[in-house]
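Undergrad: Below is input.pdb; it holds PDB, C-alpha atoms.
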MODEL        1
ATOM      1  CA  MET A1133     199.713  61.071  99.304
ATOM      2  CA  ASN A1134     198.875  64.562 100.577
ATOM      3  CA  ASP A1135     196.791  65.182 103.690
ATOM      4  CA  ASN A1136     193.597  65.957 101.751
ATOM      5  CA  GLU A1137     193.872  62.563 100.082
ATOM      6  CA  ARG A1138     194.631  60.837 103.388
ATOM      7  CA  TRP A1139     192.007  62.426 105.639
ATOM      8  CA  VAL A1140     189.121  63.420 103.332
ATOM      9  CA  ARG A1141     186.570  60.899 102.032
ATOM     10  CA  SER A1142     184.202  62.172  99.339
ATOM     11  CA  TYR A1143     180.767  60.569  99.318
ATOM     12  CA  GLY A1144     180.905  57.080  97.850
ATOM     13  CA  THR A1145     184.670  56.648  98.138
ATOM     14  CA  ALA A1146     184.434  54.933 101.532
ATOM     15  CA  ALA A1147     181.511  52.622 100.799
ATOM     16  CA  GLU A1148     181.318  49.107 102.251
ATOM     17  CA  GLY A1149     178.473  46.593 102.068
ATOM     18  CA  PRO A1150     175.149  48.343 102.792
ATOM     19  CA  PHE A1151     176.918  51.549 103.838
ATOM     20  CA  GLN A1152     177.606  54.430 101.463
ATOM     21  CA  VAL A1153     179.991  55.792 104.116
ATOM     22  CA  SER A1154     182.082  53.426 106.243
ATOM     23  CA  ILE A1155     184.847  54.872 108.403
ATOM     24  CA  THR A1156     186.409  52.328 110.760
ATOM     25  CA  ASP A1157     189.819  51.325 112.070
ATOM     26  CA  ASN A1158     190.467  49.932 108.598
ATOM     27  CA  VAL A1159     191.546  53.488 107.759
ATOM     28  CA  PRO A1160     195.329  53.662 108.360
ATOM     29  CA  GLY A1161     196.061  55.764 111.414
ATOM     30  CA  TRP A1162     192.466  55.604 112.709
ATOM     31  CA  ALA A1163     191.813  53.841 116.007
ATOM     32  CA  HIS A1164     188.930  54.973 118.236
ATOM     33  CA  THR A1165     185.865  56.142 116.298
ATOM     34  CA  SER A1166     183.689  54.940 113.450
ATOM     35  CA  LEU A1167     180.892  56.208 111.251
ATOM     36  CA  ARG A1168     178.609  54.285 108.926
ATOM     37  CA  VAL A1169     175.865  55.881 106.827
ATOM     38  CA  ALA A1170     173.190  53.838 105.053
ATOM     39  CA  THR A1171     170.135  54.749 102.947
ATOM     40  CA  PRO A1172     167.711  51.834 103.362
ATOM     41  CA  ALA A1173     164.707  51.605 101.062
ATOM     42  CA  PRO A1174     161.218  51.253 102.596
ATOM     43  CA  PHE A1175     161.150  48.325 105.032
ATOM     44  CA  GLU A1176     164.765  47.419 104.226
ATOM     45  CA  ARG A1177     166.948  46.226 107.107
ATOM     46  CA  VAL A1178     170.511  47.177 107.991
ATOM     47  CA  GLU A1179     172.326  44.906 110.442
ATOM     48  CA  LEU A1180     175.499  45.351 112.474
ATOM     49  CA  ASP A1181     177.222  43.419 115.235
ATOM     50  CA  THR A1182     178.653  46.147 117.442
ATOM     51  CA  GLY A1183     181.617  44.054 118.628
ATOM     52  CA  ASP A1184     183.881  46.131 120.857
ATOM     53  CA  SER A1185     182.203  49.405 119.829
ATOM     54  CA  GLU A1186     179.221  51.278 121.213
ATOM     55  CA  ILE A1187     176.866  52.855 118.674
ATOM     56  CA  ILE A1188     174.507  55.829 118.542
ATOM     57  CA  VAL A1189     171.832  55.448 115.855
ATOM     58  CA  VAL A1190     171.074  58.887 114.383
ATOM     59  CA  PRO A1191     168.308  59.248 111.758
ATOM     60  CA  LEU A1192     169.464  61.782 109.181
ATOM     61  CA  ARG A1193     166.272  61.493 107.128
ATOM     62  CA  GLY A1194     163.087  59.587 107.873
ATOM     63  CA  GLY A1195     162.185  57.292 110.744
ATOM     64  CA  VAL A1196     163.406  53.791 111.578
ATOM     65  CA  ASP A1197     162.750  50.899 113.937
ATOM     66  CA  VAL A1198     165.700  49.772 116.068
ATOM     67  CA  THR A1199     165.924  46.282 117.559
ATOM     68  CA  VAL A1200     168.832  45.171 119.735
ATOM     69  CA  THR A1201     169.946  42.009 121.463
ATOM     70  CA  ASP A1202     172.550  43.110 123.990
ATOM     71  CA  HIS A1203     175.574  41.290 125.433
ATOM     72  CA  ALA A1204     173.435  39.674 128.145
ATOM     73  CA  GLY A1205     170.784  38.422 125.709
ATOM     74  CA  ARG A1206     168.246  41.095 126.613
ATOM     75  CA  HIS A1207     166.030  42.414 123.813
ATOM     76  CA  HIS A1208     165.292  46.095 123.228
ATOM     77  CA  LYS A1209     163.135  47.946 120.710
ATOM     78  CA  ALA A1210     162.683  51.610 119.850
ATOM     79  CA  ARG A1211     160.885  53.440 117.079
ATOM     80  CA  LEU A1212     162.864  56.520 116.100
ATOM     81  CA  ALA A1213     160.542  59.148 114.646
ATOM     82  CA  GLY A1214     163.444  60.831 112.877
ATOM     83  CA  ARG A1215     162.940  63.969 110.783
ATOM     84  CA  GLU A1216     162.465  65.233 107.242
ATOM     85  CA  SER A1217     166.131  66.245 106.950
ATOM     86  CA  VAL A1218     169.049  67.218 109.172
ATOM     87  CA  PHE A1219     168.032  70.857 108.697
ATOM     88  CA  ALA A1220     164.488  70.262 110.011
ATOM     89  CA  GLY A1221     165.496  70.047 113.690
ATOM     90  CA  PRO A1222     166.896  67.588 116.236
ATOM     91  CA  THR A1223     166.056  63.907 116.145
ATOM     92  CA  ASP A1224     165.577  61.173 118.683
ATOM     93  CA  VAL A1225     168.489  58.722 118.848
ATOM     94  CA  ALA A1226     169.221  55.259 120.225
ATOM     95  CA  TYR A1227     172.305  54.240 122.210
ATOM     96  CA  VAL A1228     173.466  50.647 121.636
ATOM     97  CA  PRO A1229     176.177  49.149 123.886
ATOM     98  CA  ARG A1230     179.119  47.041 122.793
ATOM     99  CA  GLY A1231     178.635  43.316 122.250
ATOM    100  CA  ALA A1232     175.166  43.732 120.761
ATOM    101  CA  ALA A1233     173.340  42.658 117.607
ATOM    102  CA  LEU A1234     171.736  45.730 116.025
ATOM    103  CA  THR A1235     169.054  45.854 113.337
ATOM    104  CA  VAL A1236     167.722  49.097 111.873
ATOM    105  CA  THR A1237     164.632  48.873 109.655
ATOM    106  CA  ALA A1238     163.278  51.714 107.532
ATOM    107  CA  GLY A1239     159.584  52.527 107.681
ATOM    108  CA  GLU A1240     157.275  53.031 104.709
ATOM    109  CA  HIS A1241     159.520  55.785 103.338
ATOM    110  CA  PRO A1242     163.228  55.706 102.406
ATOM    111  CA  ALA A1243     165.554  56.619 105.252
ATOM    112  CA  LYS A1244     169.105  57.771 105.824
ATOM    113  CA  ILE A1245     170.810  56.704 109.050
ATOM    114  CA  ALA A1246     174.163  57.335 110.677
ATOM    115  CA  LEU A1247     175.683  54.768 113.011
ATOM    116  CA  CYS A1248     178.174  56.702 115.151
ATOM    117  CA  GLY A1249     180.642  54.440 116.921
ATOM    118  CA  ALA A1250     183.509  54.368 119.392
ATOM    119  CA  LYS A1251     185.670  51.632 120.848
ATOM    120  CA  ALA A1252     184.288  51.028 124.351
ATOM    121  CA  ALA A1253     186.982  50.085 126.841
ATOM    122  CA  LYS A1254     186.598  52.352 129.855
ATOM    123  CA  ARG A1255     183.805  50.568 131.767
ATOM    124  CA  THR A1256     183.635  46.928 132.819
ATOM    125  CA  GLU A1257     179.853  46.729 132.407
ATOM    126  CA  PRO A1258     178.433  48.327 129.241
ATOM    127  CA  PRO A1259     175.929  51.140 129.778
ATOM    128  CA  PRO A1260     172.316  50.138 129.046
ATOM    129  CA  PHE A1261     170.426  50.579 125.795
ATOM    130  CA  ARG A1262     168.622  53.910 125.679
ATOM    131  CA  HIS A1263     166.164  55.778 123.469
ATOM    132  CA  LEU A1264     166.681  59.543 123.833
ATOM    133  CA  ALA A1265     163.677  61.580 122.685
ATOM    134  CA  ALA A1266     164.173  64.591 120.429
ATOM    135  CA  ALA A1267     162.558  66.784 123.089
ATOM    136  CA  ASP A1268     165.339  65.771 125.498
ATOM    137  CA  VAL A1269     168.180  66.831 123.166
ATOM    138  CA  PRO A1270     169.682  70.085 124.501
ATOM    139  CA  ILE A1271     170.004  72.764 121.825
ATOM    140  CA  GLU A1272     172.835  75.247 122.334
ATOM    141  CA  ASP A1273     173.247  78.533 120.486
ATOM    142  CA  ARG A1274     177.013  78.938 120.282
ATOM    143  CA  GLY A1275     179.033  81.923 119.080
ATOM    144  CA  ALA A1276     177.694  85.234 117.823
ATOM    145  CA  GLY A1277     177.422  87.257 114.635
ATOM    146  CA  SER A1278     179.038  85.526 111.671
ATOM    147  CA  ALA A1279     180.325  82.794 114.022
ATOM    148  CA  ALA A1280     176.845  81.893 115.330
ATOM    149  CA  ARG A1281     175.704  78.282 114.985
ATOM    150  CA  GLN A1282     173.299  75.813 116.595
ATOM    151  CA  VAL A1283     174.613  72.730 118.422
ATOM    152  CA  ARG A1284     172.410  69.705 119.183
ATOM    153  CA  ASN A1285     174.046  67.868 122.075
ATOM    154  CA  PHE A1286     172.445  64.423 121.970
ATOM    155  CA  GLY A1287     175.634  62.462 122.696
ATOM    156  CA  ILE A1288     177.651  64.485 125.198
ATOM    157  CA  PRO A1289     178.524  63.155 128.688
ATOM    158  CA  GLN A1290     175.977  65.394 130.454
ATOM    159  CA  VAL A1291     173.123  64.010 128.324
ATOM    160  CA  LEU A1292     173.867  60.417 127.340
ATOM    161  CA  ASP A1293     175.364  57.680 129.503
ATOM    162  CA  ALA A1294     178.064  55.966 127.461
ATOM    163  CA  ASP A1295     181.530  54.464 127.733
ATOM    164  CA  SER A1296     183.689  56.532 125.375
ATOM    165  CA  ILE A1297     181.687  58.150 122.587
ATOM    166  CA  ILE A1298     180.971  61.870 122.372
ATOM    167  CA  ALA A1299     178.706  63.041 119.542
ATOM    168  CA  CYS A1300     176.738  66.091 118.492
ATOM    169  CA  GLU A1301     175.516  67.843 115.356
ATOM    170  CA  VAL A1302     175.916  71.457 114.293
ATOM    171  CA  ILE A1303     173.941  73.713 111.960
ATOM    172  CA  THR A1304     175.935  76.634 110.543
ATOM    173  CA  PRO A1305     173.757  79.194 108.729
ATOM    174  CA  ALA A1306     174.719  80.383 105.272
ATOM    175  CA  GLY A1307     177.558  82.911 105.408
ATOM    176  CA  ASN A1308     178.751  81.856 108.885
ATOM    177  CA  TRP A1309     181.848  80.151 110.264
ATOM    178  CA  SER A1310     181.762  77.264 112.731
ATOM    179  CA  SER A1311     184.349  75.313 114.740
ATOM    180  CA  TYR A1312     185.795  78.726 115.359
ATOM    181  CA  PRO A1313     188.175  79.851 116.730
ATOM    182  CA  PRO A1314     190.262  76.851 115.638
ATOM    183  CA  HIS A1315     190.855  74.418 118.478
ATOM    184  CA  LYS A1316     192.407  71.044 119.179
ATOM    185  CA  HIS A1317     192.015  68.094 121.535
ATOM    186  CA  ASP A1318     194.942  65.804 120.818
ATOM    187  CA  GLU A1319     196.785  65.397 124.124
ATOM    188  CA  GLU A1320     195.924  64.599 127.721
ATOM    189  CA  ARG A1321     196.351  67.590 130.028
ATOM    190  CA  ASP A1322     194.522  67.177 133.303
ATOM    191  CA  GLY A1323     191.517  69.460 133.415
ATOM    192  CA  LEU A1324     192.600  71.346 130.265
ATOM    193  CA  GLU A1325     192.529  69.040 127.251
ATOM    194  CA  THR A1326     191.532  65.489 126.348
ATOM    195  CA  GLU A1327     192.902  63.368 123.511
ATOM    196  CA  LEU A1328     190.101  62.732 121.017
ATOM    197  CA  GLU A1329     190.140  61.850 117.353
ATOM    198  CA  GLU A1330     187.140  63.292 115.500
ATOM    199  CA  ILE A1331     184.962  62.586 112.483
ATOM    200  CA  TYR A1332     183.119  65.340 110.613
ATOM    201  CA  TYR A1333     180.242  64.156 108.392
ATOM    202  CA  PHE A1334     178.718  66.944 106.256
ATOM    203  CA  GLU A1335     175.472  67.825 104.538
ATOM    204  CA  VAL A1336     174.813  71.070 102.686
ATOM    205  CA  GLN A1337     171.508  72.778 101.874
ATOM    206  CA  ALA A1338     170.885  75.406  99.211
ATOM    207  CA  GLN A1339     168.612  78.340 100.024
ATOM    208  CA  ASP A1340     166.127  79.021  97.202
ATOM    209  CA  ALA A1341     168.749  77.929  94.701
ATOM    210  CA  PRO A1342     167.971  77.379  91.021
ATOM    211  CA  ASP A1343     168.529  74.088  89.231
ATOM    212  CA  GLY A1344     172.212  73.453  88.725
ATOM    213  CA  ALA A1345     173.313  75.041  92.004
ATOM    214  CA  ASP A1346     176.216  73.270  93.738
ATOM    215  CA  PRO A1347     175.817  73.485  97.543
ATOM    216  CA  VAL A1348     179.288  73.443  99.067
ATOM    217  CA  GLY A1349     181.133  74.194 102.299
ATOM    218  CA  TYR A1350     184.769  74.223 103.397
ATOM    219  CA  GLN A1351     186.761  72.634 106.227
ATOM    220  CA  ARG A1352     190.228  73.437 107.554
ATOM    221  CA  VAL A1353     192.562  71.279 109.683
ATOM    222  CA  TYR A1354     196.168  72.234 110.431
ATOM    223  CA  GLY A1355     198.779  70.894 112.791
ATOM    224  CA  THR A1356     201.303  71.940 115.366
ATOM    225  CA  ALA A1357     205.012  72.118 114.616
ATOM    226  CA  GLU A1358     205.485  68.733 116.298
ATOM    227  CA  ARG A1359     202.559  67.029 114.514
ATOM    228  CA  PRO A1360     201.933  68.618 111.117
ATOM    229  CA  ILE A1361     198.727  68.152 109.159
ATOM    230  CA  ASP A1362     197.392  70.358 106.367
ATOM    231  CA  VAL A1363     193.802  69.895 105.152
ATOM    232  CA  LEU A1364     191.715  72.470 103.304
ATOM    233  CA  THR A1365     188.845  70.988 101.337
ATOM    234  CA  GLU A1366     185.475  71.599  99.766
ATOM    235  CA  VAL A1367     182.730  69.486 101.323
ATOM    236  CA  ARG A1368     179.357  68.434  99.963
ATOM    237  CA  THR A1369     176.557  66.236 101.248
ATOM    238  CA  GLY A1370     177.944  62.876 102.342
ATOM    239  CA  ASP A1371     181.578  63.936 102.551
ATOM    240  CA  VAL A1372     183.718  63.127 105.592
ATOM    241  CA  VAL A1373     186.775  64.834 107.042
ATOM    242  CA  LEU A1374     188.871  62.968 109.618
ATOM    243  CA  VAL A1375     190.736  64.877 112.319
ATOM    244  CA  PRO A1376     193.416  62.631 113.868
ATOM    245  CA  HIS A1377     195.067  65.591 115.620
ATOM    246  CA  GLY A1378     195.761  69.287 115.205
ATOM    247  CA  TRP A1379     193.815  72.521 115.109
ATOM    248  CA  HIS A1380     190.499  72.230 113.285
ATOM    249  CA  GLY A1381     188.294  75.053 112.072
ATOM    250  CA  PRO A1382     186.792  76.949 110.645
ATOM    251  CA  ALA A1383     184.026  74.980 108.998
ATOM    252  CA  MET A1384     182.684  77.516 106.516
ATOM    253  CA  ALA A1385     179.170  77.897 105.098
ATOM    254  CA  PRO A1386     179.331  80.156 102.024
ATOM    255  CA  PRO A1387     176.508  82.643 101.424
ATOM    256  CA  GLY A1388     173.439  80.805 100.134
ATOM    257  CA  TYR A1389     174.338  77.399 101.604
ATOM    258  CA  ASP A1390     173.546  76.136 105.125
ATOM    259  CA  LEU A1391     176.105  73.664 106.453
ATOM    260  CA  TYR A1392     175.389  70.669 108.715
ATOM    261  CA  TYR A1393     177.971  68.459 110.320
ATOM    262  CA  LEU A1394     177.817  65.439 112.583
ATOM    263  CA  ASN A1395     180.760  65.052 114.979
ATOM    264  CA  VAL A1396     181.892  61.721 116.447
ATOM    265  CA  MET A1397     184.725  61.774 118.997
ATOM    266  CA  ALA A1398     186.550  59.333 121.267
ATOM    267  CA  GLY A1399     190.070  58.723 122.493
ATOM    268  CA  PRO A1400     192.342  56.621 124.672
ATOM    269  CA  GLY A1401     192.088  58.698 127.855
ATOM    270  CA  ALA A1402     190.427  57.450 131.027
ATOM    271  CA  THR A1403     187.974  60.354 131.159
ATOM    272  CA  ARG A1404     185.053  60.824 128.774
ATOM    273  CA  ALA A1405     185.154  64.590 128.330
ATOM    274  CA  TRP A1406     185.423  67.188 125.569
ATOM    275  CA  LEU A1407     188.167  69.538 126.750
ATOM    276  CA  ILE A1408     189.692  71.745 124.083
ATOM    277  CA  CYS A1409     192.546  74.183 123.596
ATOM    278  CA  ASP A1410     192.155  77.149 121.244
ATOM    279  CA  ASP A1411     194.900  78.093 118.800
ATOM    280  CA  PRO A1412     196.752  80.846 120.730
ATOM    281  CA  ALA A1413     196.862  82.977 117.581
ATOM    282  CA  HIS A1414     193.053  83.153 117.587
ATOM    283  CA  ALA A1415     192.101  82.460 121.217
ATOM    284  CA  TRP A1416     191.500  86.176 121.856
ATOM    285  CA  LEU A1417     188.288  85.857 119.832
ATOM    286  CA  ARG A1418     186.536  84.263 122.818
ATOM    287  CA  GLY A1419     188.734  85.403 125.662
ATOM    288  CA  GLY A1420     191.538  82.868 125.334
ATOM    289  CA  ASN A1421     192.464  79.640 127.118
ATOM    290  CA  PRO A1422     195.739  77.717 127.568
TER
ENDMDL
END
Written as structure tokens, how would this file's structure read?
TA:
Amino acid sequence: MNDNERWVRSYGTAAEGPFQVSITDNVPGWAHTSLRVATPAPFERVELDTGDSEIIVVPLRGGVDVTVTDHAGRHHKARLAGRESVFAGPTDVAYVPRGAALTVTAGEHPAKIALCGAKAAKRTEPPPFRHLAAADVPIEDRGAGSAARQVRNFGIPQVLDADSIIACEVITPAGNWSSYPPHKHDEERDGLETELEEIYYFEVQAQDAPDGADPVGYQRVYGTAERPIDVLTEVRTGDVVLVPHGWHGPAMAPPGYDLYYLNVMAGPGATRAWLICDDPAHAWLRGGNP
């Protein structure tokens, strides 16, 4: 099995139960993060016991109602307004702690939802349920020129109280590169780098394309001499690339096709932080770091 076969899941190849995408620790070599994507019909329910994982409910298309019974028996409800598509702007999200019973119910229109998860083991008491409004999601313009992209930071430590999970979504305009320069976060180095495995979930949008167009993007992952990995793959809507370690980037949006990706990260370290190290061969592109 080559690395593309091991770490890339085309849409539909990782389905389980009500989920068209289901990435969990059932994947060999995967330990800390999870991602489930479902497309409930109007008024259809999707249920999940969170177990030892915390979850962020992210509407990808449409709005949903979220109901939760947490580990202490408390009940919580939130209506997530959602959005027309991932390219329409940020969305409100719901944080669900470990040890909870979660139900997501579509409204009068079909929906698409992502349940971003991470094993929660850092804090004795789970953080509380929270509904984060779309207006409270920080939007960051990162990079410049052909490396410009928009980052929506709904699930980073400065924005969302959580145990282990770090999550965000990125819009890369057609013709641009993202996750660039290539970087890694696969070892603990105090104040410099944190060990995080990472999930990339992709969607692609065609710009004024005729019938028969094939919106596509590309993703690269490559390793160090000590821990080799070699992934270079086309990605389409619903595809997933797993990054267990190594340098990752660029994520490439060809001319004519906007690229979206949802990132889910977590790791074994005691600190919930996204600290990265650029590939020294390319670090000069933004000034360099160790």
Undergrad: List the spatial neighbours of Leu1212 (chain A) as a short mmCIF file (atom, residue, chain, number, x, y, z; two decimals) with C-alpha atoms, keeping the file's coordinate frame - criterion: any atom at most 10 Å away, all atoms listed in the file, same-chain residues fewer than 3 positions off excluded.
TA:
data_model
loop_
_atom_site.label_atom_id
_atom_site.label_comp_id
_atom_site.auth_asym_id
_atom_site.auth_seq_id
_atom_site.Cartn_x
_atom_site.Cartn_y
_atom_site.Cartn_z
CA VAL A 1189 171.83 55.45 115.86
CA VAL A 1190 171.07 58.89 114.38
CA PRO A 1191 168.31 59.25 111.76
CA GLY A 1194 163.09 59.59 107.87
CA GLY A 1195 162.18 57.29 110.74
CA VAL A 1196 163.41 53.79 111.58
CA ASP A 1197 162.75 50.90 113.94
CA VAL A 1198 165.70 49.77 116.07
CA LYS A 1209 163.14 47.95 120.71
CA ARG A 1215 162.94 63.97 110.78
CA THR A 1223 166.06 63.91 116.14
CA ASP A 1224 165.58 61.17 118.68
CA VAL A 1225 168.49 58.72 118.85
CA ALA A 1226 169.22 55.26 120.22
CA VAL A 1236 167.72 49.10 111.87
CA ALA A 1238 163.28 51.71 107.53
CA GLY A 1239 159.58 52.53 107.68
CA HIS A 1263 166.16 55.78 123.47
CA LEU A 1264 166.68 59.54 123.83
CA ALA A 1265 163.68 61.58 122.68
CA ALA A 1266 164.17 64.59 120.43
#
Undergrad: I would like the residues chosen by the PyMOL selection byres ((chain A and resi 1395) around 12) on the shown file; could you give them as an MDAnalysis selection string?
TA: chainID A and resid 1165:1167 1188 1190 1246:1250 1283:1288 1297:1303 1311 1328:1334 1372:1375 1392:1394 1396:1398 1406
Undergrad: Rounded to one decimal place, report the CA of Ser1296 (chain A)-CA of Glu1257 (chain A) distance in Å.
TA: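 Going from CA of Ser1296 (chain A) over to CA of Glu1257 (chain A), I get 12.7 Å.
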Undergrad: Separation of CA of Arg1230 (chain A) and CA of Ser1185 (chain A), in Å?
TA: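 Result for CA of Arg1230 (chain A) versus CA of Ser1185 (chain A): 4.9 Å, one decimal.
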Undergrad: Have a look at CA of Val1269 (chain A) and CA of Pro1222 (chain A) and let me know their distance in Å, one decimal.
TA: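 These atoms are spaced 7.1 Å apart.
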Undergrad: List as a Markdown table every residue of region 1169-1253 of chain A that is in contact with region 1337-1343 of chain A, defined as an atom at most 12 Å from one of its atoms (using all atoms listed in the file), together with the nearest atom pair and the distance in Å rounded to one decimal, sorted by chain and then rising number.
TA:
| residue | atom | partner | partner_atom | distance |
| --- | --- | --- | --- | --- |
| A:Ser1217 | CA | A:Gln1337 | CA | 9.9 |
| A:Val1218 | CA | A:Gln1337 | CA | 9.5 |
| A:Phe1219 | CA | A:Gln1337 | CA | 7.9 |
| A:Ala1220 | CA | A:Gln1337 | CA | 11.0 |
Undergrad: Could you state which residues are captured by the PyMOL selection byres ((chain A and resi 1364) around 9) in this file, as a list in words?
TA: Asp1135, Asn1136, Tyr1350, Gln1351, Arg1352, Val1353, Tyr1354, Asp1362, Val1363, Thr1365 and Glu1366 of chain A
Undergrad: Restricted to C-alpha atoms, what would the selected residues look like written as a short mmCIF file (atom, residue, chain, number, x, y, z; two decimals), keeping the file's coordinate frame?
TA:
data_model
loop_
_atom_site.label_atom_id
_atom_site.label_comp_id
_atom_site.auth_asym_id
_atom_site.auth_seq_id
_atom_site.Cartn_x
_atom_site.Cartn_y
_atom_site.Cartn_z
CA ASP A 1135 196.79 65.18 103.69
CA ASN A 1136 193.60 65.96 101.75
CA TYR A 1350 184.77 74.22 103.40
CA GLN A 1351 186.76 72.63 106.23
CA ARG A 1352 190.23 73.44 107.55
CA VAL A 1353 192.56 71.28 109.68
CA TYR A 1354 196.17 72.23 110.43
CA ASP A 1362 197.39 70.36 106.37
CA VAL A 1363 193.80 69.90 105.15
CA THR A 1365 188.84 70.99 101.34
CA GLU A 1366 185.48 71.60 99.77
#
Undergrad: Which one is closest to Trp1139 (chain A): A:Phe1175, A:Phe1151, A:Trp1162, A:Phe1261? Count all atoms listed in the file.
TA: A:Trp1162
Undergrad: Where does the PyMOL selection byres ((chain A and resi 1207) around 12) land in this file, that is, which residues does it pick, as an mmCIF file with C-alpha atoms, keeping the file's coordinate frame?
TA:
data_model
loop_
_atom_site.group_PDB
_atom_site.id
_atom_site.type_symbol
_atom_site.label_atom_id
_atom_site.label_comp_id
_atom_site.auth_asym_id
_atom_site.auth_seq_id
_atom_site.Cartn_x
_atom_site.Cartn_y
_atom_site.Cartn_z
ATOM 1 C CA VAL A 1198 165.700 49.772 116.068
ATOM 2 C CA THR A 1199 165.924 46.282 117.559
ATOM 3 C CA VAL A 1200 168.832 45.171 119.735
ATOM 4 C CA THR A 1201 169.946 42.009 121.463
ATOM 5 C CA ASP A 1202 172.550 43.110 123.990
ATOM 6 C CA HIS A 1203 175.574 41.290 125.433
ATOM 7 C CA ALA A 1204 173.435 39.674 128.145
ATOM 8 C CA GLY A 1205 170.784 38.422 125.709
ATOM 9 C CA ARG A 1206 168.246 41.095 126.613
ATOM 10 C CA HIS A 1208 165.292 46.095 123.228
ATOM 11 C CA LYS A 1209 163.135 47.946 120.710
ATOM 12 C CA ALA A 1210 162.683 51.610 119.850
ATOM 13 C CA VAL A 1228 173.466 50.647 121.636
ATOM 14 C CA ALA A 1232 175.166 43.732 120.761
ATOM 15 C CA ALA A 1233 173.340 42.658 117.607
ATOM 16 C CA LEU A 1234 171.736 45.730 116.025
ATOM 17 C CA THR A 1235 169.054 45.854 113.337
ATOM 18 C CA PRO A 1260 172.316 50.138 129.046
ATOM 19 C CA PHE A 1261 170.426 50.579 125.795
ATOM 20 C CA ARG A 1262 168.622 53.910 125.679
#
Undergrad: Determine, counting only C-alpha atoms, which protein, DNA and RNA residues have an atom within 10 Å of an atom of Gly1355 (chain A); residues of the same chain fewer than 4 positions away are not included. Present the result as an MDAnalysis selection string.
TA: chainID A and resid 1316 1359:1363 1376:1380
Undergrad: A:Ala1357, A:Leu1292, A:Ala1279, A:Ala1213: which is nearest Ala1243 (chain A), counting all atoms listed in the file?
TA: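 Nearest to Ala1243 (chain A): A:Ala1213.
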Undergrad: Identify which of the residues A:Thr1256, A:Gln1282, A:Thr1237, A:Asn1134 lies closest to Gly1221 (chain A), counting all atoms listed in the file when measuring atom-to-atom distances.
TA: A:Gln1282
Undergrad: Keeping just N, CA and C atoms, export region 1247-1259 of chain A of this structure as a JSON list (two decimals), in the first residue's frame.
TA:
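The file below, decode.json, is the result:
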[["chain", "number", "residue", "atom", "x", "y", "z"],
["A", 1247, "LEU", "N", -18.93, 16.85, 11.89],
["A", 1247, "LEU", "CA", -18.70, 16.68, 13.32],
["A", 1247, "LEU", "C", -17.20, 16.48, 13.49],
["A", 1248, "CYS", "N", -16.53, 17.55, 13.92],
["A", 1248, "CYS", "CA", -15.07, 17.54, 14.12],
["A", 1248, "CYS", "C", -14.79, 17.07, 15.54],
["A", 1249, "GLY", "N", -13.92, 16.08, 15.69],
["A", 1249, "GLY", "CA", -13.70, 15.51, 17.02],
["A", 1249, "GLY", "C", -12.25, 15.38, 17.40],
["A", 1250, "ALA", "N", -12.03, 15.29, 18.72],
["A", 1250, "ALA", "CA", -10.70, 15.02, 19.26],
["A", 1250, "ALA", "C", -10.84, 14.31, 20.59],
["A", 1251, "LYS", "N", -9.93, 13.36, 20.84],
["A", 1251, "LYS", "CA", -9.91, 12.72, 22.15],
["A", 1251, "LYS", "C", -9.60, 13.78, 23.21],
["A", 1252, "ALA", "N", -10.43, 13.83, 24.25],
["A", 1252, "ALA", "CA", -10.31, 14.86, 25.28],
["A", 1252, "ALA", "C", -9.77, 14.25, 26.55],
["A", 1253, "ALA", "N", -8.51, 14.55, 26.87],
["A", 1253, "ALA", "CA", -7.88, 13.92, 28.02],
["A", 1253, "ALA", "C", -7.05, 14.88, 28.85],
["A", 1254, "LYS", "N", -7.05, 16.15, 28.48],
["A", 1254, "LYS", "CA", -6.17, 17.10, 29.17],
["A", 1254, "LYS", "C", -6.78, 17.68, 30.44],
["A", 1255, "ARG", "N", -8.11, 17.84, 30.47],
["A", 1255, "ARG", "CA", -8.78, 18.51, 31.58],
["A", 1255, "ARG", "C", -9.67, 17.55, 32.34],
["A", 1256, "THR", "N", -9.65, 17.67, 33.67],
["A", 1256, "THR", "CA", -10.46, 16.78, 34.51],
["A", 1256, "THR", "C", -11.94, 17.02, 34.29],
["A", 1257, "GLU", "N", -12.35, 18.29, 34.26],
["A", 1257, "GLU", "CA", -13.75, 18.65, 34.05],
["A", 1257, "GLU", "C", -13.92, 19.11, 32.61],
["A", 1258, "PRO", "N", -14.83, 18.52, 31.85],
["A", 1258, "PRO", "CA", -15.01, 18.94, 30.45],
["A", 1258, "PRO", "C", -15.44, 20.39, 30.36],
["A", 1259, "PRO", "N", -14.96, 21.12, 29.36],
["A", 1259, "PRO", "CA", -15.46, 22.48, 29.13],
["A", 1259, "PRO", "C", -16.95, 22.45, 28.85]]
